[in-house]
Structures are given as structure tokens and as C-alpha cells.
Amino acid sequence: MAEAEENIRFHEMFHIEGGNFMSAGAISSRVKNILKKAGFPGQIIRRTSIAAFEAEMNVICYANQGNLSLFIAPNFLKVVVKDEGIGIPDVNLAMREGYSTATEKIRELGFGAGMGLSNIKKNTDEMILTSESGQGTHLEFVIYLDNQKKE
Amino acid sequence: MTIFDIVQSFGLETRAGKDHLGEEVTGGYASDLLSDVIAHSRKGNLWITIQTHPNIVAVATMKELAGIILTGGREPDPETLQKAEDEGIPILVSPVFTFELVGRLYQKGISGLSPC
Amino acid sequence: MKLREIRDILTAEVITGDADLEKEIKYGFAADLLSDVLALARGSGAQTLLITGIIHPQVIYAGNIFDLGAIIFVRGKRPTEATLQLAIENQIPLLVAPYIMFETCGRLYQHGLSPSIAKVKNG
């Protein structure tokens, strides 16, 4: 994804604490509020915040910590989530709906249904996921502002 | 009302414990928190949940529940199925979500407990 | 049905002071697990009542993201102070029902609350 840096009109970064289940959704909630205040259409807000929510949950469930950055450009919204942690050994496998590496503890707490990454894909126009096993994961997704919702 | 009656009435599919569907159902308990089910469910209750891992069988056995219904189209894990067969715990599956399934069971006369 | 009716059907307590009792609620969704709440992403959370035992802030954040109409806690569970404050800030009405999940869902369904639009995906 090659978007010119000078297109970015707004940028904010949030820290996500790994293991902080109680506040899961705090960051994506802030993202949503920013987008709402900026007056984006409802569907754009919904897709972005749901994808952000899933990304945030993944950091909380599986990483030690991470950062979520929101970029607003004239034609698109972009979210970058970088985390430090065990990473994802097999990205293709991880993208499969229902596949989960959630521990029982995570599932007891109510997470780990295995829908996260595929939900992100469904709600966004572009998605890139890379991971270094043992180091962490880098996720980026883009939502275009002038396209119809991708089916 | 037995588990078998419920299977028939609602067209549910049985994934395990087909030989144990004659159990009389004493009421319904909907919860996805195992500790809560352990604390508050009663013997003979039908447990409605989305948890699919093998611990649900351990809980159902411990509390002598009549059976488990997984909602939202969920399927039990393979280990869960095996354990359920071993323990004789019926596991049924339903494509609808918990709210709707419970509503329909309730209308059929399966009740929850009295106020806490 | 109005939030007021939901309160009455369940002899529930509204714990967010000046919640709008005339608010229209059409759908119900029951979830104890946060990942299940995300199923609401498939449909619309608007005018939906989330019926849950999750008393932590995570449920308010989910409520915000899915534009939930209201949240009711079952089994007489009271949310934490942090959760309550967050709900007030986000203007999400909170109720506490004395009944267990099964009874709560049963009564609401019987009184005409529809299942949330969220459906199981085919295939």
C-alpha cells in the first residue's frame, strides 16, 4: 500500500496493554469517537471500529503490548497495529475463520472465538498481516472513503 | 419434558449422548461462565452455552445436568465430543442464538430458577 | 418495547440515573462472553438490548462500538463503578435484573422482544 505521507491529515497512536481484558475495547472505542466527531458516515465508522476492536482484542489476548495508530487521509482511513509478543507462526492458518490458539483461560474469560482476523478482512478494503514468530505482529488495514462497502 | 422431546420439538441435532436423551429436564440454565454454572445450576438442568471445549462435559457431569445445547451454530471440539460420549452427556446443537433458543424453550414450559 | 416496559417485566433496576425510559428497544442478544458479543457485528446493534453477566468496562466499550440500545445485567450482578461511570459518559442505559439469564431471556422473548438481527452465517 503506497499512500503519500503528506496525505495524512490526522494521526494518533494508542498504547494497548497485553492481558488487560477488563478494558478490552477501550482503544477502539476511542477510535470510534474520533471518527464520529469527524463526521464520517455510519458504515465507515462501524467497519473501522469493528476491525479495530478485533485487532485490539488480539493484542490483549496474545501479545505483551502493542500500539494502534489511526491515520486519516482525504480518501482513506488506515489503522496500523504493531505488537510485541509471540507472534503468529502461520499467518494463513491464523486467517482461517474459527481457527484459534486461545488458551482455556482466554476462552473462559470470553475471548478467542477465532473470528478476529477474518472479521478484520471482511470489514476492510485492504489488509496486510505480517509476523515474526517470537517477536510480534504487524497488522495494517485500510478503509476507502469513496468506495462502496466491499461484500 | 425429556431431552428427546426437546430434540423433536426444535429439530435440534444431537452430536453426542444419543443413548441418554431420556433424561427429564428440570429447568434451563444459560451461561458461558463455567464458574457460574458450577455455582448456580441445578441437577437435571439443560445448559445453554457457546463454550465448546471439553471442560463443559466435566461441569455437566459434576452438576448432573441433563444435557448441553450449543447455540449460534457452534460445534463441540473433537475432544469434547469424545468426552461427552464417555460420560454419557447429551450435546445438542442449534443454529439460532442464545436469546432466541432460550425464548422458545421458555415458551415450551422450561423455566429458569426463581429470582436470586 | 420501551425500556420502561423491560424494566417492569423483569422488576429490574435502572442504575444509570437519568436513562431515557422511553427509548425503543426491539431486539435482544444474550452473551456472557465478549467474543460472542462481536457477533453483533453481523447485524445491527441499534435498538438492541444486550443481556449479559459481564460487569466490566469491556461491555460498555462493546456497547459503544455496536451502538447498543441498553445493557441489562442478569443474576442481580451489579457492574463495577468504573463500568457505571463509563456507561453514563457514553449514554448507555444500564439495568440490573434479579433473574438468571435463562429466565430473563425467556420473559423478554415471551413479551415480544425479537432476536437481534445477527444471524448465523451460512457455510
# chains A, B, ... in the order shown; residues from 1 in each chain; ligands from 1
call {"tool": "residues_around", "arguments": {"residues": "Pro89 (chain A)", "least_positions_apart": "3", "cutoff": "9 Å", "atoms": "only C-alpha atoms", "output": "ChimeraX atom specification"}}
result
/A:86,93-94,131-134
call {"tool": "write_last_selection", "arguments": {"atoms": "C-alpha atoms", "output": "compact mmCIF listing (two decimals), in the first residue's frame"}}
result
# COMPACT_ATOMS: atom_id res chain seq x y z
CA ILE A 86 4.81 -14.48 20.50
CA LEU A 93 -3.76 -20.65 9.22
CA ALA A 94 -4.49 -17.80 11.57
CA SER A 131 4.51 -11.66 11.83
CA GLU A 132 7.85 -12.69 13.18
CA SER A 133 7.46 -15.74 15.36
CA GLY A 134 8.74 -14.93 18.83
call {"tool": "closest_atom_pairs", "arguments": {"of": "chain C", "to": "chain B", "cutoff": "7 Å", "atoms": "only C-alpha atoms", "output": "JSON lines"}}
result
{"residue": "C:Gly28", "atom": "CA", "partner": "B:Phe99", "partner_atom": "CA", "distance": 6.5}
{"residue": "C:Phe29", "atom": "CA", "partner": "B:Phe99", "partner_atom": "CA", "distance": 5.6}
{"residue": "C:Ala30", "atom": "CA", "partner": "B:Phe99", "partner_atom": "CA", "distance": 5.2}
{"residue": "C:Asp32", "atom": "CA", "partner": "B:Asp32", "partner_atom": "CA", "distance": 5.5}
{"residue": "C:Leu33", "atom": "CA", "partner": "B:Asp32", "partner_atom": "CA", "distance": 6.6}
{"residue": "C:Arg75", "atom": "CA", "partner": "B:Cys116", "partner_atom": "CA", "distance": 6.3}
{"residue": "C:Gly76", "atom": "CA", "partner": "B:Cys116", "partner_atom": "CA", "distance": 6.8}
{"residue": "C:Pro98", "atom": "CA", "partner": "B:Pro115", "partner_atom": "CA", "distance": 5.4}
{"residue": "C:Tyr99", "atom": "CA", "partner": "B:Pro115", "partner_atom": "CA", "distance": 4.8}
{"residue": "C:Ile100", "atom": "CA", "partner": "B:Gly112", "partner_atom": "CA", "distance": 6.8}
{"residue": "C:Met101", "atom": "CA", "partner": "B:Ala30", "partner_atom": "CA", "distance": 5.6}
{"residue": "C:Phe102", "atom": "CA", "partner": "B:Ala30", "partner_atom": "CA", "distance": 5.1}
{"residue": "C:Glu103", "atom": "CA", "partner": "B:Gly112", "partner_atom": "CA", "distance": 4.5}
{"residue": "C:Cys105", "atom": "CA", "partner": "B:Phe99", "partner_atom": "CA", "distance": 5.7}
{"residue": "C:Gly106", "atom": "CA", "partner": "B:Gly103", "partner_atom": "CA", "distance": 4.2}
{"residue": "C:Tyr109", "atom": "CA", "partner": "B:Gly103", "partner_atom": "CA", "distance": 4.9}
{"residue": "C:Gln110", "atom": "CA", "partner": "B:Gly103", "partner_atom": "CA", "distance": 6.5}
{"residue": "C:Pro115", "atom": "CA", "partner": "B:Glu100", "partner_atom": "CA", "distance": 5.5}
{"residue": "C:Val120", "atom": "CA", "partner": "B:Gly72", "partner_atom": "CA", "distance": 5.9}
call {"tool": "atom_distance", "arguments": {"atom1": "CA of Gly116 (chain A)", "atom2": "CA of Leu81 (chain B)"}}
result
25.0 Å
call {"tool": "atom_distance", "arguments": {"atom1": "CA of Leu70 (chain B)", "atom2": "CA of Val37 (chain B)"}}
result
14.5 Å
call {"tool": "interface_residues", "arguments": {"of": "chain C", "to": "chain A", "cutoff": "6 Å", "atoms": "only C-alpha atoms", "output": "list in words"}}
result
Leu33, Leu34, Ser35, His56, Pro57, Gln58 and Tyr61 of chain C
call {"tool": "select_by_dssp", "arguments": {"residues": "region 35-73 of chain A", "states": "alpha helix (DSSP H)", "output": "list in words"}}
result
Leu35, Lys36, Lys37, Ala38, Gly42, Gln43, Ile44, Ile45, Arg46, Arg47, Thr48, Ser49, Ile50, Ala51, Ala52, Phe53, Glu54, Ala55, Glu56, Met57, Asn58, Val59, Ile60, Cys61 and Tyr62 of chain A
call {"tool": "residues_around", "arguments": {"residues": "Val81 (chain A)", "least_positions_apart": "5", "cutoff": "10 Å", "atoms": "only C-alpha atoms", "output": "ChimeraX atom specification"}}
result
/A:13-16,52,55-56,58-59,66-70,129,137-141
call {"tool": "closest_residue", "arguments": {"among": "B:Leu34, B:Ile89, B:Val57, B:Ala16", "to": "chain A", "atoms": "only C-alpha atoms"}}
result
B:Leu34
call {"tool": "closest_residue", "arguments": {"among": "C:Val37, C:Ile72, C:Ala46, C:Ile92", "to": "Leu10 (chain C)", "atoms": "only C-alpha atoms"}}
result
C:Ile72
call {"tool": "atom_distance", "arguments": {"atom1": "CA of Glu79 (chain B)", "atom2": "CA of Val91 (chain A)"}}
result
24.9 Å
call {"tool": "closest_residue", "arguments": {"among": "B:Ile56, B:Ile6, B:Ile91, B:Ala84", "to": "chain A", "atoms": "only C-alpha atoms"}}
result
B:Ile56
